[in-house]
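**Student:** This is run08.pdb (PDB, C-alpha atoms and all ligand atoms).
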```pdb
MODEL        1
ATOM      1  CA  MET A   1     -48.077 -33.619 148.546
ATOM      2  CA  THR A   2     -50.922 -34.667 146.258
ATOM      3  CA  GLU A   3     -50.069 -35.790 142.732
ATOM      4  CA  GLN A   4     -51.573 -32.735 141.018
ATOM      5  CA  ALA A   5     -50.183 -30.158 143.450
ATOM      6  CA  LEU A   6     -47.370 -27.933 142.197
ATOM      7  CA  LEU A   7     -47.057 -26.137 145.508
ATOM      8  CA  GLN A   8     -48.152 -27.009 148.988
ATOM      9  CA  LEU A   9     -47.782 -25.144 152.287
ATOM     10  CA  ARG A  10     -48.468 -26.939 155.532
ATOM     11  CA  ASN A  11     -48.846 -25.148 158.858
ATOM     12  CA  VAL A  12     -46.440 -22.441 157.733
ATOM     13  CA  SER A  13     -45.584 -19.624 160.128
ATOM     14  CA  ALA A  14     -43.086 -16.790 159.764
ATOM     15  CA  GLN A  15     -41.814 -14.284 162.310
ATOM     16  CA  GLN A  16     -39.819 -11.081 162.067
ATOM     17  CA  GLY A  17     -38.382 -10.517 165.504
ATOM     18  CA  SER A  18     -41.352 -10.695 167.823
ATOM     19  CA  ASN A  19     -43.854  -9.957 165.033
ATOM     20  CA  THR A  20     -45.853 -12.742 163.498
ATOM     21  CA  LEU A  21     -46.002 -12.216 159.729
ATOM     22  CA  LEU A  22     -47.666 -15.511 158.853
ATOM     23  CA  SER A  23     -49.469 -17.912 161.120
ATOM     24  CA  ASN A  24     -50.372 -21.509 160.365
ATOM     25  CA  ILE A  25     -50.859 -21.182 156.600
ATOM     26  CA  ASN A  26     -52.102 -24.173 154.648
ATOM     27  CA  LEU A  27     -52.644 -24.111 150.901
ATOM     28  CA  SER A  28     -52.288 -26.278 147.850
ATOM     29  CA  LEU A  29     -52.070 -25.104 144.254
ATOM     30  CA  SER A  30     -52.523 -27.236 141.135
ATOM     31  CA  ARG A  31     -51.861 -26.752 137.430
ATOM     32  CA  GLY A  32     -54.477 -24.594 135.710
ATOM     33  CA  GLN A  33     -55.671 -23.038 138.978
ATOM     34  CA  ILE A  34     -55.715 -19.284 139.669
ATOM     35  CA  MET A  35     -55.347 -18.563 143.385
ATOM     36  CA  THR A  36     -55.522 -14.962 144.544
ATOM     37  CA  VAL A  37     -54.364 -13.711 147.923
ATOM     38  CA  ILE A  38     -56.230 -10.698 149.227
ATOM     39  CA  GLY A  39     -55.873  -8.859 152.525
ATOM     40  CA  PRO A  40     -55.193  -5.434 154.004
ATOM     41  CA  ASN A  41     -51.814  -3.677 153.839
ATOM     42  CA  GLY A  42     -49.280  -5.458 156.002
ATOM     43  CA  ALA A  43     -51.332  -8.673 156.076
ATOM     44  CA  GLY A  44     -48.333 -10.722 154.948
ATOM     45  CA  LYS A  45     -49.336 -11.255 151.290
ATOM     46  CA  SER A  46     -45.921 -10.529 149.770
ATOM     47  CA  THR A  47     -44.284 -12.480 152.582
ATOM     48  CA  LEU A  48     -46.496 -15.436 151.745
ATOM     49  CA  LEU A  49     -45.428 -15.322 148.082
ATOM     50  CA  ARG A  50     -41.773 -15.076 149.053
ATOM     51  CA  VAL A  51     -42.057 -18.003 151.452
ATOM     52  CA  ALA A  52     -43.884 -20.031 148.797
ATOM     53  CA  LEU A  53     -41.068 -19.283 146.334
ATOM     54  CA  GLY A  54     -38.323 -20.127 148.825
ATOM     55  CA  LEU A  55     -37.041 -16.524 148.762
ATOM     56  CA  ARG A  56     -37.683 -16.323 152.464
ATOM     57  CA  ASN A  57     -37.558 -19.110 155.049
ATOM     58  CA  CYS A  58     -40.493 -19.978 157.217
ATOM     59  CA  ASP A  59     -40.016 -20.491 160.933
ATOM     60  CA  GLN A  60     -42.443 -23.351 161.236
ATOM     61  CA  GLY A  61     -44.197 -25.730 158.895
ATOM     62  CA  GLU A  62     -43.332 -27.024 155.483
ATOM     63  CA  VAL A  63     -43.229 -25.613 151.955
ATOM     64  CA  GLN A  64     -43.169 -28.151 149.147
ATOM     65  CA  ARG A  65     -42.721 -27.329 145.485
ATOM     66  CA  ARG A  66     -42.889 -30.030 142.853
ATOM     67  CA  PRO A  67     -39.290 -30.999 142.007
ATOM     68  CA  HIS A  68     -37.871 -29.015 139.056
ATOM     69  CA  LEU A  69     -40.919 -26.768 139.048
ATOM     70  CA  ARG A  70     -40.516 -23.904 136.559
ATOM     71  CA  VAL A  71     -41.555 -20.678 138.260
ATOM     72  CA  GLY A  72     -42.009 -17.188 136.842
ATOM     73  CA  TYR A  73     -42.095 -14.437 139.474
ATOM     74  CA  MET A  74     -43.286 -10.904 139.003
ATOM     75  CA  PRO A  75     -42.261  -8.942 142.104
ATOM     76  CA  GLN A  76     -44.150  -5.952 143.445
ATOM     77  CA  LYS A  77     -41.403  -3.497 142.528
ATOM     78  CA  LEU A  78     -38.778  -3.149 139.875
ATOM     79  CA  SER A  79     -35.560  -2.047 141.560
ATOM     80  CA  LEU A  80     -33.218  -0.669 138.947
ATOM     81  CA  ASN A  81     -30.748   2.147 139.070
ATOM     82  CA  PRO A  82     -32.507   4.930 137.109
ATOM     83  CA  LEU A  83     -29.105   6.287 136.109
ATOM     84  CA  ILE A  84     -28.300   3.236 134.025
ATOM     85  CA  PRO A  85     -30.067   3.460 130.646
ATOM     86  CA  ILE A  86     -31.274   0.101 129.435
ATOM     87  CA  SER A  87     -33.721  -1.061 126.775
ATOM     88  CA  VAL A  88     -36.599  -3.422 127.485
ATOM     89  CA  SER A  89     -34.989  -6.308 125.589
ATOM     90  CA  ARG A  90     -31.627  -5.742 127.240
ATOM     91  CA  PHE A  91     -33.381  -5.854 130.614
ATOM     92  CA  LEU A  92     -35.000  -9.147 129.648
ATOM     93  CA  ARG A  93     -31.668 -10.558 128.461
ATOM     94  CA  MET A  94     -30.374 -10.110 132.018
ATOM     95  CA  ALA A  95     -32.937 -12.597 133.362
ATOM     96  CA  ASN A  96     -31.705 -15.936 134.659
ATOM     97  CA  ASN A  97     -33.397 -19.120 133.666
ATOM     98  CA  ARG A  98     -34.554 -18.218 130.152
ATOM     99  CA  ARG A  99     -36.366 -21.083 128.456
ATOM    100  CA  THR A 100     -38.232 -19.137 125.834
ATOM    101  CA  SER A 101     -37.189 -16.323 123.517
ATOM    102  CA  ILE A 102     -37.501 -12.680 124.486
ATOM    103  CA  LYS A 103     -39.553 -12.187 121.340
ATOM    104  CA  ASP A 104     -42.019 -14.852 122.470
ATOM    105  CA  ALA A 105     -42.263 -13.475 126.023
ATOM    106  CA  LEU A 106     -42.847  -9.931 124.760
ATOM    107  CA  GLN A 107     -45.436 -11.132 122.318
ATOM    108  CA  ARG A 108     -47.301 -13.160 124.964
ATOM    109  CA  ALA A 109     -47.328 -10.074 127.196
ATOM    110  CA  GLY A 110     -48.647  -7.975 124.294
ATOM    111  CA  ILE A 111     -45.695  -5.573 124.203
ATOM    112  CA  SER A 112     -43.610  -6.586 121.167
ATOM    113  CA  HIS A 113     -43.580  -2.926 120.158
ATOM    114  CA  LEU A 114     -41.663  -1.962 123.324
ATOM    115  CA  ALA A 115     -38.621  -4.173 122.719
ATOM    116  CA  ASP A 116     -36.218  -1.352 121.870
ATOM    117  CA  ARG A 117     -37.676   1.333 124.105
ATOM    118  CA  PRO A 118     -35.647   2.585 127.079
ATOM    119  CA  LEU A 119     -37.010   0.936 130.196
ATOM    120  CA  HIS A 120     -37.130   4.241 132.045
ATOM    121  CA  ASP A 121     -39.263   5.928 129.406
ATOM    122  CA  ILE A 122     -42.214   3.557 129.417
ATOM    123  CA  SER A 123     -45.369   4.002 131.467
ATOM    124  CA  GLY A 124     -46.195   2.302 134.765
ATOM    125  CA  GLY A 125     -48.672  -0.023 133.056
ATOM    126  CA  GLU A 126     -46.140  -0.896 130.352
ATOM    127  CA  THR A 127     -43.526  -1.586 133.037
ATOM    128  CA  GLN A 128     -45.896  -4.077 134.648
ATOM    129  CA  ARG A 129     -46.124  -5.905 131.335
ATOM    130  CA  VAL A 130     -42.350  -5.919 130.998
ATOM    131  CA  LEU A 131     -42.136  -7.544 134.437
ATOM    132  CA  LEU A 132     -44.770 -10.022 133.342
ATOM    133  CA  SER A 133     -42.835 -10.853 130.181
ATOM    134  CA  ARG A 134     -39.715 -11.391 132.310
ATOM    135  CA  ALA A 135     -41.676 -13.886 134.422
ATOM    136  CA  LEU A 136     -42.757 -15.638 131.203
ATOM    137  CA  LEU A 137     -39.167 -16.220 130.104
ATOM    138  CA  ALA A 138     -39.004 -19.188 132.476
ATOM    139  CA  GLN A 139     -41.874 -20.858 130.560
ATOM    140  CA  PRO A 140     -43.497 -21.124 133.943
ATOM    141  CA  GLU A 141     -45.630 -23.942 135.239
ATOM    142  CA  LEU A 142     -46.284 -21.658 138.201
ATOM    143  CA  LEU A 143     -46.686 -17.928 137.656
ATOM    144  CA  VAL A 144     -46.384 -15.856 140.834
ATOM    145  CA  LEU A 145     -47.607 -12.271 140.495
ATOM    146  CA  ASP A 146     -47.376  -9.692 143.267
ATOM    147  CA  GLU A 147     -49.969  -6.990 142.563
ATOM    148  CA  PRO A 148     -49.579  -7.182 138.788
ATOM    149  CA  ALA A 149     -52.017  -4.343 138.075
ATOM    150  CA  GLN A 150     -50.552  -1.700 140.363
ATOM    151  CA  GLY A 151     -50.203   1.615 138.564
ATOM    152  CA  VAL A 152     -52.397   0.385 135.725
ATOM    153  CA  ASP A 153     -55.526   2.364 134.809
ATOM    154  CA  ILE A 154     -58.989   0.775 134.952
ATOM    155  CA  THR A 155     -59.126  -0.180 131.268
ATOM    156  CA  GLY A 156     -55.583  -1.485 131.436
ATOM    157  CA  GLN A 157     -56.426  -3.522 134.542
ATOM    158  CA  THR A 158     -59.206  -5.375 132.777
ATOM    159  CA  ALA A 159     -56.924  -6.094 129.831
ATOM    160  CA  LEU A 160     -54.095  -7.233 132.099
ATOM    161  CA  TYR A 161     -56.263  -9.593 134.101
ATOM    162  CA  GLU A 162     -57.765 -10.983 130.903
ATOM    163  CA  LEU A 163     -54.230 -11.569 129.702
ATOM    164  CA  ILE A 164     -53.371 -13.429 132.911
ATOM    165  CA  GLY A 165     -56.412 -15.671 132.382
ATOM    166  CA  LYS A 166     -55.319 -16.296 128.786
ATOM    167  CA  LEU A 167     -51.766 -17.112 129.884
ATOM    168  CA  ARG A 168     -53.153 -19.622 132.357
ATOM    169  CA  ASP A 169     -55.100 -21.246 129.512
ATOM    170  CA  ASP A 170     -52.309 -21.098 126.912
ATOM    171  CA  LEU A 171     -49.499 -22.247 129.219
ATOM    172  CA  ASP A 172     -51.701 -24.490 131.384
ATOM    173  CA  CYS A 173     -49.858 -23.042 134.352
ATOM    174  CA  ALA A 174     -50.979 -22.294 137.891
ATOM    175  CA  VAL A 175     -51.198 -18.665 138.957
ATOM    176  CA  LEU A 176     -50.582 -17.481 142.532
ATOM    177  CA  MET A 177     -51.245 -13.787 142.768
ATOM    178  CA  VAL A 178     -51.713 -10.926 145.180
ATOM    179  CA  SER A 179     -54.409  -8.505 144.096
ATOM    180  CA  HIS A 180     -56.369  -5.617 145.558
ATOM    181  CA  ASP A 181     -58.783  -5.582 142.615
ATOM    182  CA  LEU A 182     -61.674  -7.318 144.273
ATOM    183  CA  HIS A 183     -64.025  -7.021 141.305
ATOM    184  CA  TRP A 184     -61.686  -9.007 139.159
ATOM    185  CA  VAL A 185     -60.809 -11.406 141.949
ATOM    186  CA  MET A 186     -64.423 -12.182 142.594
ATOM    187  CA  ALA A 187     -65.172 -12.659 138.902
ATOM    188  CA  GLN A 188     -62.175 -14.623 137.647
ATOM    189  CA  THR A 189     -60.260 -16.401 140.385
ATOM    190  CA  ASP A 190     -60.714 -20.090 141.134
ATOM    191  CA  THR A 191     -59.673 -19.794 144.769
ATOM    192  CA  VAL A 192     -59.390 -16.763 147.033
ATOM    193  CA  ILE A 193     -57.223 -16.708 150.147
ATOM    194  CA  CYS A 194     -58.199 -13.931 152.497
ATOM    195  CA  LEU A 195     -55.107 -13.270 154.578
ATOM    196  CA  ASN A 196     -54.535 -11.283 157.729
ATOM    197  CA  GLN A 197     -51.416 -13.035 159.047
ATOM    198  CA  HIS A 198     -53.569 -16.168 159.267
ATOM    199  CA  ILE A 199     -55.992 -17.359 156.602
ATOM    200  CA  CYS A 200     -59.285 -15.746 157.586
ATOM    201  CA  CYS A 201     -61.248 -17.606 154.956
ATOM    202  CA  HIS A 202     -60.598 -19.285 151.655
ATOM    203  CA  GLY A 203     -62.431 -21.005 148.873
ATOM    204  CA  HIS A 204     -64.412 -20.108 145.785
ATOM    205  CA  PRO A 205     -64.837 -16.321 145.421
ATOM    206  CA  GLU A 206     -68.575 -16.448 145.886
ATOM    207  CA  THR A 207     -68.188 -18.363 149.127
ATOM    208  CA  VAL A 208     -65.444 -16.085 150.403
ATOM    209  CA  SER A 209     -67.550 -13.030 149.571
ATOM    210  CA  ASN A 210     -70.098 -14.355 152.020
ATOM    211  CA  ASP A 211     -67.619 -14.890 154.799
ATOM    212  CA  PRO A 212     -67.937 -12.612 157.831
ATOM    213  CA  GLU A 213     -64.171 -12.014 157.908
ATOM    214  CA  TYR A 214     -64.101 -10.976 154.270
ATOM    215  CA  LEU A 215     -66.867  -8.494 154.962
ATOM    216  CA  SER A 216     -65.116  -7.328 158.085
ATOM    217  CA  LEU A 217     -61.893  -6.630 156.136
ATOM    218  CA  PHE A 218     -63.301  -5.315 152.879
ATOM    219  CA  GLY A 219     -66.923  -4.422 153.433
ATOM    220  CA  ARG A 220     -66.487  -0.678 153.661
ATOM    221  CA  ARG A 221     -63.806  -0.183 151.064
ATOM    222  CA  HIS A 222     -65.501  -2.318 148.482
ATOM    223  CA  ALA A 223     -69.153  -1.942 149.279
ATOM    224  CA  GLU A 224     -70.252  -2.436 145.700
ATOM    225  CA  ALA A 225     -68.249  -5.650 145.418
ATOM    226  CA  ILE A 226     -70.162  -7.137 148.319
ATOM    227  CA  ALA A 227     -73.542  -5.526 147.756
ATOM    228  CA  LEU A 228     -74.929  -8.936 146.934
ATOM    229  CA  TYR A 229     -73.890 -10.398 150.254
ATOM    230  CA  GLN A 230     -75.210  -9.657 153.731
ATOM    231  CA  HIS A 231     -74.589 -11.422 157.015
ATOM    232  CA  ASP A 232     -73.062 -11.151 160.490
ATOM    233  CA  HIS A 233     -69.397 -11.345 161.494
ATOM    234  CA  ASP A 234     -68.330 -14.180 163.729
ATOM    235  CA  HIS A 235     -65.009 -12.710 164.850
ATOM    236  CA  GLN A 236     -62.912  -9.588 164.556
ATOM    237  CA  HIS A 237     -59.255  -8.563 164.432
ATOM    238  CA  ASP A 238     -57.378  -6.152 166.591
ATOM    239  CA  MET A 239     -54.948  -3.690 164.965
ATOM    240  CA  HIS A 240     -52.260  -6.391 164.812
ATOM    241  CA  GLY A 241     -54.527  -8.781 162.950
ATOM    242  CA  GLU A 242     -55.096 -10.984 165.998
ATOM    243  CA  VAL A 243     -58.526 -12.528 166.389
ATOM    244  CA  ILE A 244     -60.244 -10.925 169.356
ATOM    245  CA  GLN A 245     -63.482 -12.860 169.245
ATOM    246  CA  PRO A 246     -62.404 -16.421 168.581
ATOM    247  CA  SER A 247     -65.150 -18.835 167.768
ATOM    248  CA  ASP A 248     -65.319 -22.183 166.108
ATOM    249  CA  HIS A 249     -65.294 -20.943 162.564
ATOM    250  CA  CYS A 250     -65.904 -22.788 159.330
ATOM    251  CA  ASP A 251     -63.879 -21.713 156.312
ATOM    252  CA  HIS A 252     -66.542 -22.856 153.844
ATOM    253  CA  SER A 253     -64.399 -25.528 152.332
ATOM    254  CA  GLY A 254     -65.336 -28.041 154.936
ATOM    255  CA  HIS A 255     -62.356 -27.329 157.231
ATOM    256  CA  HIS A 256     -62.647 -25.756 160.622
ATOM    257  CA  HIS A 257     -60.033 -23.457 162.091
ATOM    258  CA  ASP A 258     -59.741 -21.298 165.169
TER     259      ASP A 258
HETATM  260  N1  LIG B 301     -37.702  -8.082 156.099
HETATM  261  C1  LIG B 301     -38.591  -7.500 156.902
HETATM  262  N2  LIG B 301     -38.203  -6.861 158.016
HETATM  263  C2  LIG B 301     -39.095  -6.305 158.850
HETATM  264  N3  LIG B 301     -40.418  -6.330 158.651
HETATM  265  C3  LIG B 301     -40.862  -6.964 157.548
HETATM  266  C4  LIG B 301     -39.985  -7.586 156.620
HETATM  267  N4  LIG B 301     -40.732  -8.122 155.630
HETATM  268  C5  LIG B 301     -41.998  -7.823 155.930
HETATM  269  N5  LIG B 301     -42.083  -7.137 157.071
HETATM  270  C6  LIG B 301     -43.305  -6.665 157.715
HETATM  271  O1  LIG B 301     -44.223  -7.718 157.626
HETATM  272  C7  LIG B 301     -45.543  -7.225 157.442
HETATM  273  C8  LIG B 301     -46.134  -7.874 156.208
HETATM  274  O2  LIG B 301     -45.479  -7.359 155.060
HETATM  275  P1  LIG B 301     -45.938  -7.781 153.601
HETATM  276  O3  LIG B 301     -45.146  -6.969 152.627
HETATM  277  O4  LIG B 301     -45.868  -9.262 153.468
HETATM  278  O5  LIG B 301     -47.472  -7.339 153.609
HETATM  279  P2  LIG B 301     -48.487  -7.163 152.398
HETATM  280  O6  LIG B 301     -49.753  -7.827 152.819
HETATM  281  O7  LIG B 301     -47.872  -7.640 151.132
HETATM  282  O8  LIG B 301     -48.682  -5.582 152.399
HETATM  283  P3  LIG B 301     -49.046  -4.542 151.214
HETATM  284  O9  LIG B 301     -50.486  -4.792 150.824
HETATM  285  O10 LIG B 301     -48.900  -3.220 151.898
HETATM  286  O11 LIG B 301     -48.081  -4.760 150.080
HETATM  287  C9  LIG B 301     -45.419  -5.720 157.344
HETATM  288  O12 LIG B 301     -45.753  -5.177 158.587
HETATM  289  C10 LIG B 301     -43.954  -5.497 157.022
HETATM  290  O13 LIG B 301     -43.503  -4.272 157.524
ENDMDL
END
```
Once you've parsed the file, please lay out its structure as structure tokens.
Ligand SMILES: Nc1ncnc2c1ncn2[C@@H]1O[C@H](COP(=O)(O)OP(=O)(O)OP(=O)(O)O)[C@@H](O)[C@H]1O
**Tutor:**
Amino acid sequence: MTEQALLQLRNVSAQQGSNTLLSNINLSLSRGQIMTVIGPNGAGKSTLLRVALGLRNCDQGEVQRRPHLRVGYMPQKLSLNPLIPISVSRFLRMANNRRTSIKDALQRAGISHLADRPLHDISGGETQRVLLSRALLAQPELLVLDEPAQGVDITGQTALYELIGKLRDDLDCAVLMVSHDLHWVMAQTDTVICLNQHICCHGHPETVSNDPEYLSLFGRRHAEAIALYQHDHDHQHDMHGEVIQPSDHCDHSGHHHD
């Protein structure tokens, strides 16, 4: 593990029965870096976050986190019994590993005004910010966000992603995030990982946007996001994400993979 790295995955693979969820994943994340994982539904993005956090074991390879690393995790879903009424601050008081005050976490997430509101009465976008503030309670050096902007309207998405950038600056933390918002990803992320069980391509957003596999996965759905980029594919995936036209492929960061 390099000195600056907070998190490193080496040759990580994960299976569920006979299904391969992750195959030969390598990544390294340092303080101050925003790394965004993109990929189609079922590509293994949430699994990758969970393996990185140690919430799920990998079957092969190695996951290293810096010792005593403070991590804040915002999961994809909030699972709470809707029959139990609970205020936002009470919900936050239930969090383990609190290193900062609830007031501070709410304020950083821009939702101080929601402290006494019932959790079940707030909007989807507000709920996302509550989950973000819960992740901030750990005073994280690594912030792990699984689709933070889901259920948030377009204006709210921009504000939320700007907030994530500001948190990175203010806390000098690393951010590992899953996002489907390619416009934002391409504009603001330091490193993009394009995942489809294996890492199809990775690197600076502009480089990834030029990668044949990125275009193959996202070209149609996000035509405007890639309008600037035009080139040929060098391999394709079958419906299980397997490469069906393997070729010696360069990932644009100087590393070759199959
Ligand atoms: N515990 C589990 N048991 C069985 N299958 C699982 C389990 N966890 C994940 N999977 C399967 O692994 C695959 C990857 O799931 P994962 O949630 O990591 O994908 P994702 O890229 O985050 O998808 P999405 O964009 O839809 O959220 C899916 O096919 C999913 O059904």
**Student:** Per residue of chain A within 8 Å of ligand LIG 301 (chain B), which atom pair is closest and at what distance in Å (one decimal), using all atoms listed in the file, listed by chain and increasing number, as a tab-separated table?
**Tutor:**
```
residue	atom	partner	partner_atom	distance
A:Gln16	CA	B:LIG301	C2	5.8
A:Gly17	CA	B:LIG301	C2	7.9
A:Asn19	CA	B:LIG301	O1	7.7
A:Thr20	CA	B:LIG301	O1	7.9
A:Leu21	CA	B:LIG301	O1	5.3
A:Ile38	CA	B:LIG301	O6	7.9
A:Gly39	CA	B:LIG301	O6	6.2
A:Pro40	CA	B:LIG301	O9	5.7
A:Asn41	CA	B:LIG301	O9	3.5
A:Gly42	CA	B:LIG301	O5	3.5
A:Ala43	CA	B:LIG301	O6	3.7
A:Gly44	CA	B:LIG301	O4	3.2
A:Lys45	CA	B:LIG301	O6	3.8
A:Ser46	CA	B:LIG301	O7	3.7
A:Thr47	CA	B:LIG301	O4	3.7
A:Leu48	CA	B:LIG301	O4	6.4
A:Gln76	CA	B:LIG301	O11	7.8
A:Val178	CA	B:LIG301	O7	7.8
A:His180	CA	B:LIG301	O9	7.9
A:Leu195	CA	B:LIG301	O6	7.8
A:Asn196	CA	B:LIG301	O6	7.7
A:Gln197	CA	B:LIG301	C8	7.9
```
**Student:** For the structure shown, which residues end up in the PyMOL selection byres (((chain A and resi 117) around 12) and not hetatm)? Put them as a PyMOL selection string, please?
**Tutor:** chain A and resi 85-91+111-116+118-123+126-127+130
**Student:** When the PyMOL selection byres (((chain A and resi 204) around 12) and not hetatm) is applied to the file above, which residues end up in the set, as a CSV table (one decimal) with C-alpha atoms, in the coordinates of the input?
**Tutor:**
```csv
chain,number,residue,atom,x,y,z
A,33,GLN,CA,-55.7,-23.0,139.0
A,34,ILE,CA,-55.7,-19.3,139.7
A,35,MET,CA,-55.3,-18.6,143.4
A,36,THR,CA,-55.5,-15.0,144.5
A,185,VAL,CA,-60.8,-11.4,141.9
A,186,MET,CA,-64.4,-12.2,142.6
A,187,ALA,CA,-65.2,-12.7,138.9
A,188,GLN,CA,-62.2,-14.6,137.6
A,189,THR,CA,-60.3,-16.4,140.4
A,190,ASP,CA,-60.7,-20.1,141.1
A,191,THR,CA,-59.7,-19.8,144.8
A,192,VAL,CA,-59.4,-16.8,147.0
A,193,ILE,CA,-57.2,-16.7,150.1
A,194,CYS,CA,-58.2,-13.9,152.5
A,201,CYS,CA,-61.2,-17.6,155.0
A,202,HIS,CA,-60.6,-19.3,151.7
A,203,GLY,CA,-62.4,-21.0,148.9
A,205,PRO,CA,-64.8,-16.3,145.4
A,206,GLU,CA,-68.6,-16.4,145.9
A,207,THR,CA,-68.2,-18.4,149.1
A,208,VAL,CA,-65.4,-16.1,150.4
A,209,SER,CA,-67.6,-13.0,149.6
A,210,ASN,CA,-70.1,-14.4,152.0
A,211,ASP,CA,-67.6,-14.9,154.8
A,251,ASP,CA,-63.9,-21.7,156.3
A,252,HIS,CA,-66.5,-22.9,153.8
A,253,SER,CA,-64.4,-25.5,152.3
```
**Student:** Residues near Gly54 of chain A, anyone? I mean within 10 Å using only C-alpha atoms, not counting same-chain ones fewer than 6 positions away, as number ranges by chain.
**Tutor:** A: 48, 63-65
**Student:** Would you write out, as a list in words, every residue that the PyMOL selection byres (((chain A and resi 77) around 12) and not hetatm) captures in this file?
**Tutor:**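 Given this file, the PyMOL selection byres (((chain A and resi 77) around 12) and not hetatm) evaluates to Ser46, Tyr73, Met74, Pro75, Gln76, Leu78, Ser79, Leu80, Gly124, Thr127, Gln128, Val130, Leu131, Leu132, Leu145, Asp146, Glu147, Pro148, Ala149, Gln150 and Gly151 of chain A.
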**Student:** Starting from 6 Å padding per side, set up an axis-aligned box that covers all listed atoms of segment 24-29 of chain A and hand over centre and edge lengths in Å, one decimal, as lines of an AutoDock Vina configuration file.
**Tutor:**
```
center_x = -51.5
center_y = -23.7
center_z = 152.3
size_x = 14.3
size_y = 17.1
size_z = 28.1
```
**Student:** Would you work out the distance separating atom CA of Arg93 of chain A from atom CA of Val144 of chain A, expressed in Å to one decimal?
**Tutor:** 19.9 Å
**Student:** Quick check, in Å to one decimal: how far apart do atom CA of Asn26 of chain A and atom CA of Asp59 of chain A lie?
**Tutor:**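 Answer for the atom CA of Asn26 of chain A to atom CA of Asp59 of chain A separation: 14.1 Å.
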**Student:** Applying 9 Å and all atoms listed in the file, which residues near Ala109 of chain A remain after dropping the ones on its own chain fewer than 5 positions away? List them as an NGL selection string.
**Tutor:** :A and (104 or 129-130 or 132-133 or 136 or 160 or 163-164 or 167)
**Student:** Which residue out of A:Arg31, A:Gly72, A:His183, A:Gln4 has the minimum interatomic distance to Asp169 of chain A when only C-alpha atoms are used?
**Tutor:**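 With only C-alpha atoms as the atom set, the closest residue is A:Arg31.
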**Student:** At a cut-off of 10 Å, using all atoms listed in the file, what residues contact Gly32 of chain A? Leave out same-chain residues fewer than 6 positions from it and give the result as a list in words.
**Tutor:**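 Surrounding residues, per the criterion: Glu141, Leu142, Gly165, Leu167, Arg168, Asp169, Asp170, Leu171, Asp172, Cys173, Ala174, Val175 and Asp190 of chain A.
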**Student:** Between A:Tyr214, A:Ala95, A:Arg50, A:Leu176, which one has atoms that come closest to Leu29 of chain A, using all atoms listed in the file?
**Tutor:**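 Between A:Tyr214, A:Ala95, A:Arg50, A:Leu176, the residue approaching Leu29 of chain A most closely is A:Leu176.
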**Student:** Pick from A:His198, A:Asp153, A:Asn96, A:Leu217: nearest to Ala14 of chain A, with only C-alpha atoms counted?
**Tutor:**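 Looking only at the distances to Ala14 of chain A, the closest residue turns out to be A:His198.
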